[in-house]
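The next block holds one structure in the form of structure tokens; read it before the comments.
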Amino acid sequence: MNIDTLTQILSMVAEGALPVGQAADQLKHFSFENIGCAHVDHHRALRKGFPEVIFGQGKTSAQIIAILEKLEQSENIVLVTRIDQDKADAVLSRFPNAQYFDDAHLLKIEKQPPAITGRGTILIVSAGTSDIPVVMEAFLTAKAMGNEVKTLFDVGVAGIHRLFAYRQDLEKASVIIVAAGMEGALPSVVGGLVKAPVIAVPTSIGYGTSFNGMTALLGMLNSCSSNIAVVNIDNGFGAGYMASTINHVGVER
């Protein structure tokens, strides 16, 4: 439940348009709802400005559907991250209005497009084409949270001149997300060029001694650029969420 829905219910009660008993029914599961396999957090949108997001990895399609059935009733938008095609097909058969994005392994139910409420533009940059799935998870998350978002693909340090062609976009962005695998160098380069906060996302792309993203993670944590923060390996969702949080500082939600 978001603040607009709660305000509408309370206003209708105050005006006499909604009986107290019916309002009580609507607010029965105001905080959370125990459905056996999960405690569905209906209060999260009020606390944090965005509804609970379902982490699909490790859950069955039946569990995902059960949680969605509760969230979809009261939320305008619901995301499921880390969901594969087979589970997504099962969810789509129950929720035909849902959208599945295979490149990001993300599923979305959206009743209406979110209003753009962020202060500026979030720019998401990938070092290589292989990093695009992580970038798309970040992109879809930030878009769902009410931000203007742009992407820039394949401008890594192996051909750094490609990045410099987009200097103006980098300088205009209010927050920048940079996803990189291998040695994870690109966030340091971007961080040294701009004053905006840079969220670095190490990806699990690389040969043996990349250690599935550990090399990029450690490199980013040791960056000499002071405006860089780092999220977990392949965590596009966390990067998109944090970028949105930064982009909404000072914005009433």
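Chain lettering (A, B, ...) mirrors the order of the structure tokens, residue numbering begins at 1 for each chain separately, and ligand numbering begins at 1 in order of display.
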
**OP:** Compile the contact shell of A:Val189 as a list in words: residues with an atom at most 10 Å away, counting only C-alpha atoms, same-chain residues fewer than 6 positions apart removed.
**Re:**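 Returned residues: Gly156, Val157, Ile160, Leu163, Ser223, Cys224 and Ser225 of chain A.
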
Original post:
If we count only C-alpha atoms, what is near stretch 140-150 of chain A at a cut-off of 10 Å, once residues fewer than 2 positions away on the same chain are taken out, given as a VMD selection string?
Top reply: chain A and resid 49 to 51 53 77 to 79 81 101 104 106 to 108 110 113 to 125 135 to 138 152 169 173 175 to 176 236 to 245 247 to 248

Subject >> helix (DSSP H, G or I) per DSSP on the backbone: members of stretch 3-235 of chain A, as JSON, numbers by chain >> reply: {"A": [3, 4, 5, 6, 7, 8, 9, 10, 11, 12, 13, 14, 15, 20, 21, 22, 23, 24, 25, 26, 44, 45, 46, 47, 48, 61, 62, 63, 64, 65, 66, 67, 68, 69, 70, 71, 72, 73, 74, 85, 86, 87, 88, 89, 90, 91, 92, 93, 94, 129, 130, 131, 132, 133, 134, 135, 136, 137, 138, 139, 140, 141, 142, 143, 144, 157, 158, 159, 161, 162, 163, 164, 167, 168, 169, 170, 171, 172, 186, 187, 188, 189, 190, 191, 208, 209, 210, 211, 212, 213, 214, 215, 216, 217, 218, 219, 220, 221]}

Subject >> Computed interatomic separation between atom CA of A:Met214 and atom CA of A:Val198 (Å) >> reply: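 Computing the Euclidean distance for atom CA of A:Met214 and atom CA of A:Val198 yields 19.1 Å.
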
**OP:** May I ask which of the residues A:Ile205, A:Ala179, A:Leu186, A:Ile64 is the closest one to A:Ser130, counting only C-alpha atoms?
**Re:**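 Checking each of A:Ile205, A:Ala179, A:Leu186, A:Ile64 against A:Ser130, counting only C-alpha atoms, the winner is A:Ile205.
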
Original post:
What does the distance between atom CA of A:Tyr207 and atom CA of A:Gly184 come to in Å, to one decimal place?
Top reply: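 According to the coordinates, atom CA of A:Tyr207 and atom CA of A:Gly184 are separated by 12.6 Å.
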
Original post:
Can you list, as a list in words, every residue of stretch 121-198 of chain A that DSSP puts in strand (DSSP E or B)?
Top reply: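 Of stretch 121-198 of chain A, only Thr121, Ile122, Leu123, Ile124, Val125, Ser126, Glu148, Val149, Lys150, Thr151, Leu152, Val175, Ile176, Ile177, Val178, Ala179, Ala180 and Val198 of chain A fall in strand (DSSP E or B).
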
File of the preceding selection, N, CA, C and O atoms, as a PDB file, in the first residue's frame:
```pdb
ATOM      1  N   THR A 121      18.878  12.802 -14.294  1.00  0.00           N
ATOM      2  CA  THR A 121      18.988  11.606 -15.129  1.00  0.00           C
ATOM      3  C   THR A 121      19.999  10.636 -14.535  1.00  0.00           C
ATOM      4  O   THR A 121      21.096  11.031 -14.127  1.00  0.00           O
ATOM      5  N   ILE A 122      19.609   9.373 -14.491  1.00  0.00           N
ATOM      6  CA  ILE A 122      20.530   8.305 -14.115  1.00  0.00           C
ATOM      7  C   ILE A 122      21.120   7.726 -15.398  1.00  0.00           C
ATOM      8  O   ILE A 122      20.390   7.334 -16.302  1.00  0.00           O
ATOM      9  N   LEU A 123      22.437   7.703 -15.481  1.00  0.00           N
ATOM     10  CA  LEU A 123      23.130   7.139 -16.639  1.00  0.00           C
ATOM     11  C   LEU A 123      23.746   5.805 -16.221  1.00  0.00           C
ATOM     12  O   LEU A 123      24.458   5.728 -15.220  1.00  0.00           O
ATOM     13  N   ILE A 124      23.456   4.756 -17.005  1.00  0.00           N
ATOM     14  CA  ILE A 124      23.987   3.430 -16.699  1.00  0.00           C
ATOM     15  C   ILE A 124      24.939   3.029 -17.827  1.00  0.00           C
ATOM     16  O   ILE A 124      24.556   2.999 -18.996  1.00  0.00           O
ATOM     17  N   VAL A 125      26.175   2.707 -17.452  1.00  0.00           N
ATOM     18  CA  VAL A 125      27.246   2.465 -18.409  1.00  0.00           C
ATOM     19  C   VAL A 125      27.741   1.027 -18.270  1.00  0.00           C
ATOM     20  O   VAL A 125      27.957   0.546 -17.147  1.00  0.00           O
ATOM     21  N   SER A 126      27.933   0.350 -19.400  1.00  0.00           N
ATOM     22  CA  SER A 126      28.542  -0.981 -19.359  1.00  0.00           C
ATOM     23  C   SER A 126      29.922  -0.935 -19.993  1.00  0.00           C
ATOM     24  O   SER A 126      30.127  -0.281 -21.017  1.00  0.00           O
ATOM     25  N   GLU A 148      14.224   9.191 -14.905  1.00  0.00           N
ATOM     26  CA  GLU A 148      14.676   9.224 -16.291  1.00  0.00           C
ATOM     27  C   GLU A 148      16.009   8.494 -16.337  1.00  0.00           C
ATOM     28  O   GLU A 148      16.937   8.830 -15.586  1.00  0.00           O
ATOM     29  N   VAL A 149      16.113   7.482 -17.190  1.00  0.00           N
ATOM     30  CA  VAL A 149      17.306   6.644 -17.216  1.00  0.00           C
ATOM     31  C   VAL A 149      17.827   6.518 -18.648  1.00  0.00           C
ATOM     32  O   VAL A 149      17.051   6.296 -19.577  1.00  0.00           O
ATOM     33  N   LYS A 150      19.132   6.653 -18.813  1.00  0.00           N
ATOM     34  CA  LYS A 150      19.778   6.453 -20.100  1.00  0.00           C
ATOM     35  C   LYS A 150      20.844   5.368 -19.959  1.00  0.00           C
ATOM     36  O   LYS A 150      21.383   5.141 -18.872  1.00  0.00           O
ATOM     37  N   THR A 151      21.154   4.704 -21.078  1.00  0.00           N
ATOM     38  CA  THR A 151      22.176   3.657 -21.065  1.00  0.00           C
ATOM     39  C   THR A 151      23.270   3.962 -22.076  1.00  0.00           C
ATOM     40  O   THR A 151      23.045   4.642 -23.084  1.00  0.00           O
ATOM     41  N   LEU A 152      24.442   3.426 -21.792  1.00  0.00           N
ATOM     42  CA  LEU A 152      25.600   3.579 -22.672  1.00  0.00           C
ATOM     43  C   LEU A 152      26.362   2.254 -22.617  1.00  0.00           C
ATOM     44  O   LEU A 152      26.897   1.883 -21.572  1.00  0.00           O
ATOM     45  N   VAL A 175      23.339  10.799 -11.316  1.00  0.00           N
ATOM     46  CA  VAL A 175      23.928   9.585 -10.736  1.00  0.00           C
ATOM     47  C   VAL A 175      24.377   8.709 -11.899  1.00  0.00           C
ATOM     48  O   VAL A 175      23.703   8.636 -12.925  1.00  0.00           O
ATOM     49  N   ILE A 176      25.504   8.027 -11.731  1.00  0.00           N
ATOM     50  CA  ILE A 176      26.008   7.140 -12.775  1.00  0.00           C
ATOM     51  C   ILE A 176      26.239   5.748 -12.196  1.00  0.00           C
ATOM     52  O   ILE A 176      26.818   5.611 -11.112  1.00  0.00           O
ATOM     53  N   ILE A 177      25.739   4.743 -12.903  1.00  0.00           N
ATOM     54  CA  ILE A 177      26.019   3.347 -12.564  1.00  0.00           C
ATOM     55  C   ILE A 177      26.983   2.816 -13.614  1.00  0.00           C
ATOM     56  O   ILE A 177      26.762   3.019 -14.813  1.00  0.00           O
ATOM     57  N   VAL A 178      28.047   2.156 -13.178  1.00  0.00           N
ATOM     58  CA  VAL A 178      29.012   1.588 -14.113  1.00  0.00           C
ATOM     59  C   VAL A 178      29.181   0.103 -13.810  1.00  0.00           C
ATOM     60  O   VAL A 178      29.574  -0.275 -12.706  1.00  0.00           O
ATOM     61  N   ALA A 179      28.870  -0.743 -14.794  1.00  0.00           N
ATOM     62  CA  ALA A 179      29.010  -2.190 -14.650  1.00  0.00           C
ATOM     63  C   ALA A 179      30.217  -2.658 -15.452  1.00  0.00           C
ATOM     64  O   ALA A 179      30.353  -2.326 -16.625  1.00  0.00           O
ATOM     65  N   ALA A 180      31.069  -3.434 -14.808  1.00  0.00           N
ATOM     66  CA  ALA A 180      32.272  -3.917 -15.490  1.00  0.00           C
ATOM     67  C   ALA A 180      32.728  -5.240 -14.883  1.00  0.00           C
ATOM     68  O   ALA A 180      32.650  -5.434 -13.670  1.00  0.00           O
ATOM     69  N   VAL A 198      29.087   7.804  -8.310  1.00  0.00           N
ATOM     70  CA  VAL A 198      29.211   6.671  -9.222  1.00  0.00           C
ATOM     71  C   VAL A 198      28.999   5.386  -8.429  1.00  0.00           C
ATOM     72  O   VAL A 198      29.677   5.149  -7.424  1.00  0.00           O
TER      73      VAL A 198
END
```

**OP:** Select, from A:Pro187, A:Gly250, A:Gly159, A:Gly58, the residue with the minimum atom-to-atom distance to A:Leu221, counting only C-alpha atoms.
**Re:**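 Ranked by minimum distance to A:Leu221, first place goes to A:Pro187.
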
Original post:
atom CA of A:Leu217 to atom CA of A:Val190: how many Å, to one decimal?
Top reply: 15.9 Å

**OP:** Please identify all polymer residues within 9 Å of A:Ile67, counting only C-alpha atoms, omitting same-chain residues fewer than 6 positions from it, and present them as a list in words.
**Re:** Ile35, Cys37, Ala38, His39, Val40 and Ile54 of chain A

I need the chosen residues saved as a PDB file, in the first residue's frame, with C-alpha atoms.
```pdb
ATOM      1  CA  ILE A  35       0.753 -16.604   3.583  1.00  0.00           C
ATOM      2  CA  CYS A  37       5.717 -19.445   2.499  1.00  0.00           C
ATOM      3  CA  ALA A  38       6.258 -15.709   3.070  1.00  0.00           C
ATOM      4  CA  HIS A  39       5.364 -12.717   5.201  1.00  0.00           C
ATOM      5  CA  VAL A  40       4.273 -10.238   2.516  1.00  0.00           C
ATOM      6  CA  ILE A  54      10.382 -10.426  -5.047  1.00  0.00           C
TER       7      ILE A  54
END
```
